[in-house]
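Engineer: For reference, the file run-v5.cif (mmCIF, C-alpha atoms) is included below:
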data_run
loop_
_atom_site.label_atom_id
_atom_site.label_comp_id
_atom_site.auth_asym_id
_atom_site.auth_seq_id
_atom_site.Cartn_x
_atom_site.Cartn_y
_atom_site.Cartn_z
CA MET A 25 33.67 69.51 93.29
CA GLU A 26 35.57 72.72 92.66
CA VAL A 27 34.35 72.72 89.04
CA VAL A 28 30.72 72.50 90.11
CA GLN A 29 31.22 75.35 92.57
CA MET A 30 32.84 77.54 89.91
CA GLN A 31 30.08 76.77 87.45
CA ARG A 32 27.46 77.55 90.05
CA ARG A 33 29.22 80.83 90.79
CA PHE A 34 29.11 81.68 87.09
CA VAL A 35 25.40 80.87 86.81
CA GLU A 36 24.55 82.87 89.92
CA TYR A 37 26.59 85.86 88.84
CA ALA A 38 25.04 85.83 85.36
CA ALA A 39 21.55 85.58 86.92
CA SER A 40 22.25 88.61 89.11
CA LEU A 41 23.21 90.68 86.06
CA PHE A 42 19.86 89.88 84.47
CA ARG A 43 17.99 90.52 87.71
CA GLU A 44 19.62 93.91 88.18
CA GLY A 45 18.79 94.91 84.61
CA PHE A 46 22.37 95.13 83.36
CA LEU A 47 21.65 92.48 80.76
CA ASP A 48 18.48 91.51 78.91
CA GLY A 49 17.25 88.68 76.66
CA GLN A 50 19.47 89.76 73.80
CA PHE A 51 22.54 88.66 75.77
CA THR A 52 20.92 85.24 76.13
CA GLN A 53 20.50 85.16 72.34
CA LEU A 54 24.25 85.69 71.99
CA GLN A 55 25.01 82.93 74.49
CA GLN A 56 22.79 80.59 72.47
CA LEU A 57 24.75 81.38 69.31
CA GLN A 58 28.00 80.23 70.92
CA ASP A 59 28.98 76.64 70.13
CA GLU A 60 31.96 74.47 69.11
CA SER A 61 32.22 76.25 65.75
CA ASN A 62 32.14 79.65 67.52
CA PRO A 63 33.54 78.93 70.99
CA ASP A 64 34.53 82.53 71.78
CA PHE A 65 31.59 84.25 70.14
CA VAL A 66 30.26 86.07 73.20
CA VAL A 67 33.67 87.39 74.26
CA GLU A 68 34.43 88.50 70.68
CA VAL A 69 31.13 90.32 70.28
CA VAL A 70 31.38 91.98 73.68
CA SER A 71 34.98 93.04 72.95
CA LEU A 72 33.79 94.67 69.73
CA PHE A 73 31.11 96.43 71.77
CA PHE A 74 33.75 97.74 74.22
CA GLU A 75 35.89 99.09 71.36
CA ASP A 76 32.94 100.74 69.60
CA SER A 77 31.55 102.24 72.79
CA GLU A 78 34.84 103.74 73.93
CA LYS A 79 35.27 105.44 70.58
CA LEU A 80 31.67 106.70 70.57
CA LEU A 81 31.94 108.04 74.13
CA ASN A 82 35.10 109.94 73.17
CA ASP A 83 33.39 111.31 70.06
CA LEU A 84 30.43 112.39 72.18
CA SER A 85 32.64 114.19 74.71
CA ARG A 86 34.37 116.01 71.86
CA ALA A 87 31.12 116.90 70.10
CA LEU A 88 29.55 118.33 73.25
CA ASP A 89 32.70 120.33 74.02
CA GLN A 90 32.35 122.44 70.86
CA GLN A 91 31.44 126.11 70.92
CA ASN A 92 28.51 125.41 68.60
CA VAL A 93 27.28 121.93 69.36
CA ASP A 94 26.23 119.95 66.31
CA PHE A 95 23.25 118.14 67.84
CA LYS A 96 22.65 116.11 64.73
CA ARG A 97 26.12 114.66 65.09
CA VAL A 98 25.63 114.05 68.80
CA ASP A 99 22.31 112.34 68.09
CA SER A 100 23.91 110.16 65.44
CA HIS A 101 26.59 108.94 67.89
CA VAL A 102 24.00 108.24 70.58
CA HIS A 103 21.84 106.41 68.05
CA GLN A 104 24.79 104.19 67.18
CA LEU A 105 25.58 103.50 70.81
CA LYS A 106 21.94 102.69 71.46
CA GLY A 107 22.03 100.24 68.56
CA SER A 108 25.15 98.41 69.64
CA SER A 109 24.23 98.28 73.34
CA SER A 110 20.81 96.92 72.42
CA SER A 111 22.34 94.29 70.13
CA ILE A 112 24.44 92.80 72.94
CA GLY A 113 21.73 93.15 75.57
CA ALA A 114 23.34 95.94 77.61
CA GLN A 115 19.93 97.15 78.74
CA ARG A 116 20.87 99.97 81.12
CA VAL A 117 23.25 101.53 78.60
CA LYS A 118 20.52 101.32 75.96
CA ASN A 119 17.99 102.99 78.25
CA ALA A 120 20.43 105.78 79.11
CA CYS A 121 20.86 106.38 75.37
CA ILE A 122 17.11 106.61 74.83
CA ALA A 123 16.86 109.37 77.46
CA PHE A 124 19.91 111.08 75.93
CA ARG A 125 18.28 111.27 72.49
CA ASN A 126 15.30 113.20 73.86
CA TYR A 127 17.63 115.98 75.03
CA CYS A 128 19.44 116.01 71.69
CA GLU A 129 16.10 116.77 70.09
CA GLU A 130 15.61 119.65 72.53
CA GLN A 131 19.15 120.83 71.76
CA ASN A 132 19.81 121.18 75.47
CA THR A 133 23.61 121.09 75.97
CA ASP A 134 23.58 120.92 79.77
CA ALA A 135 21.06 118.12 79.84
CA CYS A 136 23.06 116.30 77.17
CA LEU A 137 26.24 116.58 79.20
CA SER A 138 24.43 115.15 82.18
CA CYS A 139 23.09 112.30 80.03
CA LEU A 140 26.58 111.62 78.73
CA GLN A 141 27.78 111.20 82.31
CA GLN A 142 24.93 108.79 82.94
CA VAL A 143 25.74 106.76 79.83
CA LYS A 144 29.45 106.66 80.75
CA GLN A 145 28.56 105.42 84.21
CA GLU A 146 26.26 102.68 82.95
CA TYR A 147 28.83 101.64 80.37
CA SER A 148 31.58 101.48 82.95
CA LEU A 149 29.39 99.37 85.25
CA VAL A 150 28.34 96.86 82.59
CA LYS A 151 31.92 96.64 81.31
CA SER A 152 33.29 95.72 84.70
CA LYS A 153 30.50 93.23 85.32
CA LEU A 154 30.97 91.53 81.96
CA GLU A 155 34.72 91.33 82.52
CA THR A 156 34.06 89.66 85.87
CA LEU A 157 31.61 87.29 84.21
CA PHE A 158 34.19 86.27 81.62
CA ARG A 159 36.86 85.80 84.30
CA VAL A 160 34.59 83.50 86.29
CA SER A 161 33.62 81.64 83.11
CA ALA A 162 37.26 81.22 82.02
CA ARG A 163 38.26 79.89 85.43
CA SER A 164 35.44 77.37 85.49
CA LEU A 165 36.39 76.20 82.00
CA LEU A 166 40.06 75.90 82.95
CA LEU A 167 39.15 73.88 86.00
CA LYS A 168 36.85 71.71 83.91
CA ASP A 169 39.63 71.10 81.36
CA LYS A 170 42.10 70.35 84.15
CA THR A 171 39.69 67.85 85.71
CA ASN A 172 38.93 66.21 82.36
CA LEU A 173 42.62 66.00 81.55
CA GLU A 174 43.42 64.35 84.85
CA SER A 175 40.57 61.84 84.71
CA GLY A 176 41.21 61.16 80.99
CA PHE A 177 44.87 60.49 81.67
CA GLN A 178 43.99 58.03 84.44
CA THR A 179 41.45 56.26 82.21
CA SER A 180 43.81 55.90 79.22
CA PHE A 181 46.66 54.84 81.47
CA SER A 182 44.61 52.07 83.05
CA LYS A 183 43.34 50.94 79.61
CA SER A 184 46.74 50.85 77.93
CA ASP A 185 48.37 47.51 77.15
CA CYS A 186 51.50 47.19 79.17
CA MET B 17 2.12 65.28 55.61
CA GLY B 18 -0.55 63.74 53.46
CA PHE B 19 0.62 64.64 49.95
CA GLY B 20 0.42 61.08 48.77
CA LYS B 21 3.25 58.76 47.84
CA ALA B 22 6.01 60.39 45.84
CA THR B 23 7.71 58.52 43.02
CA SER B 24 11.37 57.74 43.58
CA SER B 25 12.58 60.45 41.15
CA SER B 26 10.48 63.27 42.63
CA LYS B 27 11.47 62.06 46.09
CA ALA B 28 15.13 62.39 45.05
CA MET B 29 14.45 65.93 43.76
CA LYS B 30 12.77 66.80 47.04
CA ILE B 31 15.84 65.59 48.94
CA ILE B 32 18.08 67.73 46.72
CA GLU B 33 15.81 70.74 47.19
CA THR B 34 15.78 70.45 50.98
CA GLU B 35 19.57 70.11 50.99
CA LYS B 36 20.03 73.38 49.09
CA LYS B 37 20.76 76.08 51.62
CA ILE B 38 18.86 79.35 51.66
CA SER B 39 21.21 82.13 50.53
CA VAL B 40 21.20 85.32 52.57
CA LEU B 41 22.77 88.70 51.88
CA ILE B 42 23.34 90.84 54.96
CA VAL B 43 23.58 94.52 54.08
CA GLU B 44 24.87 96.26 57.20
CA ASP B 45 27.62 98.78 57.94
CA ASP B 46 28.16 98.15 61.67
CA PRO B 47 30.77 95.35 62.12
CA LEU B 48 29.27 94.37 65.48
CA ILE B 49 25.81 93.83 63.99
CA GLN B 50 27.36 92.19 60.92
CA LYS B 51 29.00 89.61 63.17
CA ILE B 52 25.89 88.89 65.22
CA HIS B 53 23.55 88.61 62.25
CA LYS B 54 26.01 86.51 60.25
CA VAL B 55 26.44 83.95 63.04
CA MET B 56 22.70 83.94 63.74
CA MET B 57 21.77 83.28 60.11
CA THR B 58 24.50 80.65 59.74
CA LYS B 59 23.20 78.90 62.84
CA PHE B 60 19.81 78.70 61.13
CA GLY B 61 21.48 76.77 58.31
CA THR B 62 21.63 79.51 55.70
CA GLU B 63 24.54 80.46 53.42
CA VAL B 64 25.54 84.00 54.33
CA GLN B 65 27.34 86.83 52.58
CA VAL B 66 27.90 90.26 54.09
CA VAL B 67 28.29 93.67 52.44
CA ALA B 68 28.74 97.03 54.14
CA ASN B 69 26.34 99.30 52.28
CA GLY B 70 23.48 99.46 49.79
CA LYS B 71 25.71 100.16 46.80
CA GLU B 72 27.70 96.95 47.37
CA ALA B 73 24.43 95.03 47.41
CA VAL B 74 23.26 96.62 44.16
CA ASP B 75 26.67 95.99 42.54
CA LEU B 76 26.47 92.31 43.51
CA TYR B 77 23.13 91.96 41.75
CA HIS B 78 24.44 93.88 38.72
CA SER B 79 27.26 91.36 38.52
CA GLY B 80 24.73 88.56 38.31
CA ALA B 81 24.60 87.37 41.92
CA SER B 82 21.26 86.57 43.48
CA PHE B 83 20.07 85.66 46.97
CA ASP B 84 16.91 84.14 48.40
CA LEU B 85 16.82 86.70 51.19
CA ILE B 86 18.31 90.15 51.74
CA LEU B 87 18.51 91.59 55.25
CA MET B 88 18.68 95.32 54.59
CA ASP B 89 19.83 97.79 57.22
CA PHE B 90 18.36 101.28 56.94
CA GLU B 91 21.16 103.68 57.85
CA MET B 92 24.33 103.07 55.87
CA PRO B 93 26.89 105.31 54.20
CA ILE B 94 27.15 105.72 50.41
CA MET B 95 23.71 104.21 49.72
CA ASP B 96 21.17 103.62 52.47
CA GLY B 97 18.64 100.81 52.76
CA PHE B 98 15.77 102.79 51.28
CA GLU B 99 17.69 103.76 48.13
CA ALA B 100 19.21 100.30 47.74
CA THR B 101 15.83 98.56 48.01
CA LYS B 102 14.26 100.97 45.52
CA GLU B 103 17.13 100.38 43.12
CA LEU B 104 16.97 96.60 43.44
CA ARG B 105 13.22 96.56 42.82
CA SER B 106 13.59 98.82 39.81
CA MET B 107 16.17 96.32 38.49
CA GLY B 108 13.46 93.68 38.69
CA VAL B 109 14.87 91.89 41.73
CA THR B 110 12.22 89.66 43.29
CA SER B 111 14.29 88.33 46.21
CA MET B 112 12.67 88.65 49.62
CA ILE B 113 13.99 91.90 51.11
CA VAL B 114 13.54 92.35 54.84
CA GLY B 115 14.38 95.68 56.43
CA VAL B 116 16.28 95.61 59.70
CA THR B 117 16.34 99.00 61.36
CA SER B 118 17.02 100.63 64.71
CA ARG B 119 14.26 103.11 63.94
CA SER B 120 11.25 101.96 65.93
CA GLN B 121 8.62 104.58 65.13
CA ASP B 122 5.70 103.25 63.05
CA SER B 123 6.00 106.17 60.64
CA GLU B 124 9.68 105.42 60.05
CA ILE B 125 8.99 101.73 59.44
CA GLN B 126 6.14 102.50 57.03
CA ALA B 127 8.39 104.92 55.16
CA PHE B 128 11.09 102.25 54.81
CA MET B 129 8.48 99.67 53.70
CA LYS B 130 7.53 101.97 50.80
CA SER B 131 10.90 101.32 49.19
CA GLY B 132 9.67 97.81 48.31
CA LEU B 133 10.41 95.71 51.38
CA ASN B 134 8.52 92.47 52.04
CA ALA B 135 8.76 93.07 55.79
CA CYS B 136 10.58 95.22 58.32
CA TYR B 137 11.90 94.40 61.77
CA VAL B 138 13.37 96.52 64.51
CA LYS B 139 16.93 95.61 65.52
CA PRO B 140 18.24 93.52 67.04
CA LEU B 141 17.33 90.33 65.26
CA ASN B 142 16.61 87.37 67.48
CA ALA B 143 15.75 83.73 66.98
CA GLU B 144 12.01 84.44 66.93
CA LYS B 145 12.22 87.09 64.20
CA VAL B 146 14.55 84.97 62.09
CA THR B 147 12.23 81.97 62.38
CA THR B 148 9.28 84.10 61.21
CA VAL B 149 11.24 85.45 58.24
CA LEU B 150 12.51 82.02 57.15
CA ASN B 151 9.04 80.50 57.46
CA GLU B 152 7.59 83.26 55.28
CA LEU B 153 10.35 82.65 52.76
CA LYS B 154 9.68 78.90 52.67
CA ASN B 155 5.96 79.43 52.25
CA ASN B 156 6.37 81.70 49.19
#
What is this structure when it is put down as structure tokens?

Structural biologist:
Amino acid sequence: MEVVQMQRRFVEYAASLFREGFLDGQFTQLQQLQDESNPDFVVEVVSLFFEDSEKLLNDLSRALDQQNVDFKRVDSHVHQLKGSSSSIGAQRVKNACIAFRNYCEEQNTDACLSCLQQVKQEYSLVKSKLETLFRVSARSLLLKDKTNLESGFQTSFSKSDC
Amino acid sequence: MGFGKATSSSKAMKIIETEKKISVLIVEDDPLIQKIHKVMMTKFGTEVQVVANGKEAVDLYHSGASFDLILMDFEMPIMDGFEATKELRSMGVTSMIVGVTSRSQDSEIQAFMKSGLNACYVKPLNAEKVTTVLNELKNN
């Protein structure tokens, strides 16, 4: 019973992330790629995304802090972040990056700084939501394993020749 | 499918042919995209190899390797997708080369196509795009 409730909680939470635009169809593509041969695929890919993004956000802060801002460099970092967020389905981060790139073209430092804040906020939000999603998923799997283990033990015990 | 009855030997050959996996070379510098595309292509039953830039792809072909399909990223260090595709075509490589780029403007895609691509898709790849590419490959 508990397992079903946990699983339902996972499904509902995931659905809310799609509804609120945090995730898009690309995330579903990743979920579909996960199987027995790649059981941790989604977590691995998302972890890579977290690592990449944190580095890029630091690079962006540094680049925009320079006396003479190199907008080409800034644009290149944003382009990369747009690419990786889009590849994992982090829709709101991707959209924030698209807006950011327009201001890079205009070479508007203040607007870029404001965009950077926006991107950081969206990233922080999606990160915390994905971490919650994985926690809920892990707990439902643990419960499922625990239930299977208990029922399997009972079955084998009753079948064994004494 | 209405091709008439095959003899036992050609039937055997057909079985062998369908068992041979399509070989794919992923040319991509971003480890995150490398991972996603590799798993995606493997899931579709292809044999996948990954290199991190255009020069590594060209070197592979120089060393005698060959692939049915190359998925070529555009922006890469050392040698980008445009230069690598041009080089491969000038070497006489006839493998299907499909561009995969984050650049979404028509003009940018057309420019990349001029290097000798068979097709070009905007990242990220998904099941639908992969299916289209593999069907085109099987039909040629």

Engineer: Pick from B:Phe98, B:Phe83, B:Tyr77, B:Phe60: nearest to chain A, with all atoms listed in the file counted?

Structural biologist: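 With all atoms listed in the file as the atom set, the closest residue is B:Phe60.
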
Engineer: Determine which residues of chain B sit within 8 Å of chain A, taking into account all atoms listed in the file, and present them as a PyMOL selection string.

Structural biologist: chain B and resi 48-49+51-52+55-56+59+118+139-140+142-143

Engineer: List the spatial neighbours of A:Val143 as a PyMOL selection string - criterion: any atom at most 8 Å away, all atoms listed in the file, same-chain residues fewer than 2 positions off excluded.

Structural biologist: chain A and resi 117+120-121+139-141+145-147

Engineer: Name the closest residue to B:His78 among the candidates B:Ala127, B:Val116, B:Met107, B:Ala135; distances are taken between atoms, counting all atoms listed in the file.

Structural biologist: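 Using all atoms listed in the file, the shortest distance to B:His78 belongs to B:Met107.
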
Engineer: Please enumerate the residues selected by the PyMOL selection byres ((chain B and resi 42) around 8) when evaluated against the supplied file, formatted as a list in words.

Structural biologist: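 That expression, the PyMOL selection byres ((chain B and resi 42) around 8), corresponds here to Val40, Leu41, Val43, Glu44, Gln50, His53, Lys54, Val64, Gln65, Val66, Val67, Ile86, Leu87 and Met88 of chain B.
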
Engineer: Export C-alpha atoms of the chosen residues as a tab-separated table (two decimals), keeping the file's coordinate frame?

Structural biologist:
chain	number	residue	atom	x	y	z
B	40	VAL	CA	21.20	85.32	52.57
B	41	LEU	CA	22.77	88.70	51.88
B	43	VAL	CA	23.58	94.52	54.08
B	44	GLU	CA	24.87	96.26	57.20
B	50	GLN	CA	27.36	92.19	60.92
B	53	HIS	CA	23.55	88.61	62.25
B	54	LYS	CA	26.01	86.51	60.25
B	64	VAL	CA	25.54	84.00	54.33
B	65	GLN	CA	27.34	86.83	52.58
B	66	VAL	CA	27.90	90.26	54.09
B	67	VAL	CA	28.29	93.67	52.44
B	86	ILE	CA	18.31	90.15	51.74
B	87	LEU	CA	18.51	91.59	55.25
B	88	MET	CA	18.68	95.32	54.59

Engineer: Selected by the PyMOL selection byres ((chain A and resi 162-173) around 8) in the shown coordinates: which residues, as an NGL selection string?

Structural biologist: :A and (26-27 or 30-31 or 34 or 158-161 or 174-177)

Engineer: Report the residues retrieved by the PyMOL selection byres ((chain A and resi 95) around 10) from the displayed file, expressed as a CSV table (one decimal) with C-alpha atoms, keeping the file's coordinate frame.

Structural biologist:
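Okay, expr-v9.csv is ready:
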chain,number,residue,atom,x,y,z
A,87,ALA,CA,31.1,116.9,70.1
A,88,LEU,CA,29.6,118.3,73.2
A,92,ASN,CA,28.5,125.4,68.6
A,93,VAL,CA,27.3,121.9,69.4
A,94,ASP,CA,26.2,120.0,66.3
A,96,LYS,CA,22.6,116.1,64.7
A,97,ARG,CA,26.1,114.7,65.1
A,98,VAL,CA,25.6,114.0,68.8
A,99,ASP,CA,22.3,112.3,68.1
A,100,SER,CA,23.9,110.2,65.4
A,101,HIS,CA,26.6,108.9,67.9
A,125,ARG,CA,18.3,111.3,72.5
A,127,TYR,CA,17.6,116.0,75.0
A,128,CYS,CA,19.4,116.0,71.7
A,129,GLU,CA,16.1,116.8,70.1
A,130,GLU,CA,15.6,119.6,72.5
A,131,GLN,CA,19.2,120.8,71.8
A,132,ASN,CA,19.8,121.2,75.5
A,133,THR,CA,23.6,121.1,76.0
A,136,CYS,CA,23.1,116.3,77.2

Engineer: Find the residues near B:Glu103: any atom within 9 Å, counting all atoms listed in the file, skip ones fewer than 5 places away on the same chain, and give them as a ChimeraX atom specification.

Structural biologist: /B:74,98,108-109,131

Engineer: For the point (11.2, 87.8, 52.0) in file coordinates, what residues are within 12 Å, counting all atoms listed in the file? Give the answer as a PDB file with C-alpha atoms, in the frame of the given file?

Structural biologist:
ATOM      1  CA  ILE B  38      18.860  79.350  51.660  1.00  0.00           C
ATOM      2  CA  SER B  39      21.210  82.130  50.530  1.00  0.00           C
ATOM      3  CA  VAL B  40      21.200  85.320  52.570  1.00  0.00           C
ATOM      4  CA  LEU B  41      22.770  88.700  51.880  1.00  0.00           C
ATOM      5  CA  PHE B  83      20.070  85.660  46.970  1.00  0.00           C
ATOM      6  CA  ASP B  84      16.910  84.140  48.400  1.00  0.00           C
ATOM      7  CA  LEU B  85      16.820  86.700  51.190  1.00  0.00           C
ATOM      8  CA  ILE B  86      18.310  90.150  51.740  1.00  0.00           C
ATOM      9  CA  LEU B  87      18.510  91.590  55.250  1.00  0.00           C
ATOM     10  CA  MET B  88      18.680  95.320  54.590  1.00  0.00           C
ATOM     11  CA  VAL B 109      14.870  91.890  41.730  1.00  0.00           C
ATOM     12  CA  THR B 110      12.220  89.660  43.290  1.00  0.00           C
ATOM     13  CA  SER B 111      14.290  88.330  46.210  1.00  0.00           C
ATOM     14  CA  MET B 112      12.670  88.650  49.620  1.00  0.00           C
ATOM     15  CA  ILE B 113      13.990  91.900  51.110  1.00  0.00           C
ATOM     16  CA  VAL B 114      13.540  92.350  54.840  1.00  0.00           C
ATOM     17  CA  GLY B 115      14.380  95.680  56.430  1.00  0.00           C
ATOM     18  CA  GLY B 132       9.670  97.810  48.310  1.00  0.00           C
ATOM     19  CA  LEU B 133      10.410  95.710  51.380  1.00  0.00           C
ATOM     20  CA  ASN B 134       8.520  92.470  52.040  1.00  0.00           C
ATOM     21  CA  ALA B 135       8.760  93.070  55.790  1.00  0.00           C
ATOM     22  CA  CYS B 136      10.580  95.220  58.320  1.00  0.00           C
ATOM     23  CA  TYR B 137      11.900  94.400  61.770  1.00  0.00           C
ATOM     24  CA  VAL B 146      14.550  84.970  62.090  1.00  0.00           C
ATOM     25  CA  THR B 147      12.230  81.970  62.380  1.00  0.00           C
ATOM     26  CA  THR B 148       9.280  84.100  61.210  1.00  0.00           C
ATOM     27  CA  VAL B 149      11.240  85.450  58.240  1.00  0.00           C
ATOM     28  CA  LEU B 150      12.510  82.020  57.150  1.00  0.00           C
ATOM     29  CA  ASN B 151       9.040  80.500  57.460  1.00  0.00           C
ATOM     30  CA  GLU B 152       7.590  83.260  55.280  1.00  0.00           C
ATOM     31  CA  LEU B 153      10.350  82.650  52.760  1.00  0.00           C
ATOM     32  CA  LYS B 154       9.680  78.900  52.670  1.00  0.00           C
ATOM     33  CA  ASN B 155       5.960  79.430  52.250  1.00  0.00           C
ATOM     34  CA  ASN B 156       6.370  81.700  49.190  1.00  0.00           C
TER      35      ASN B 156
END

Engineer: Which value, in Å to one decimal, gives the distance between atom CA of B:Glu91 and atom CA of B:Ser106?

Structural biologist: 20.2 Å
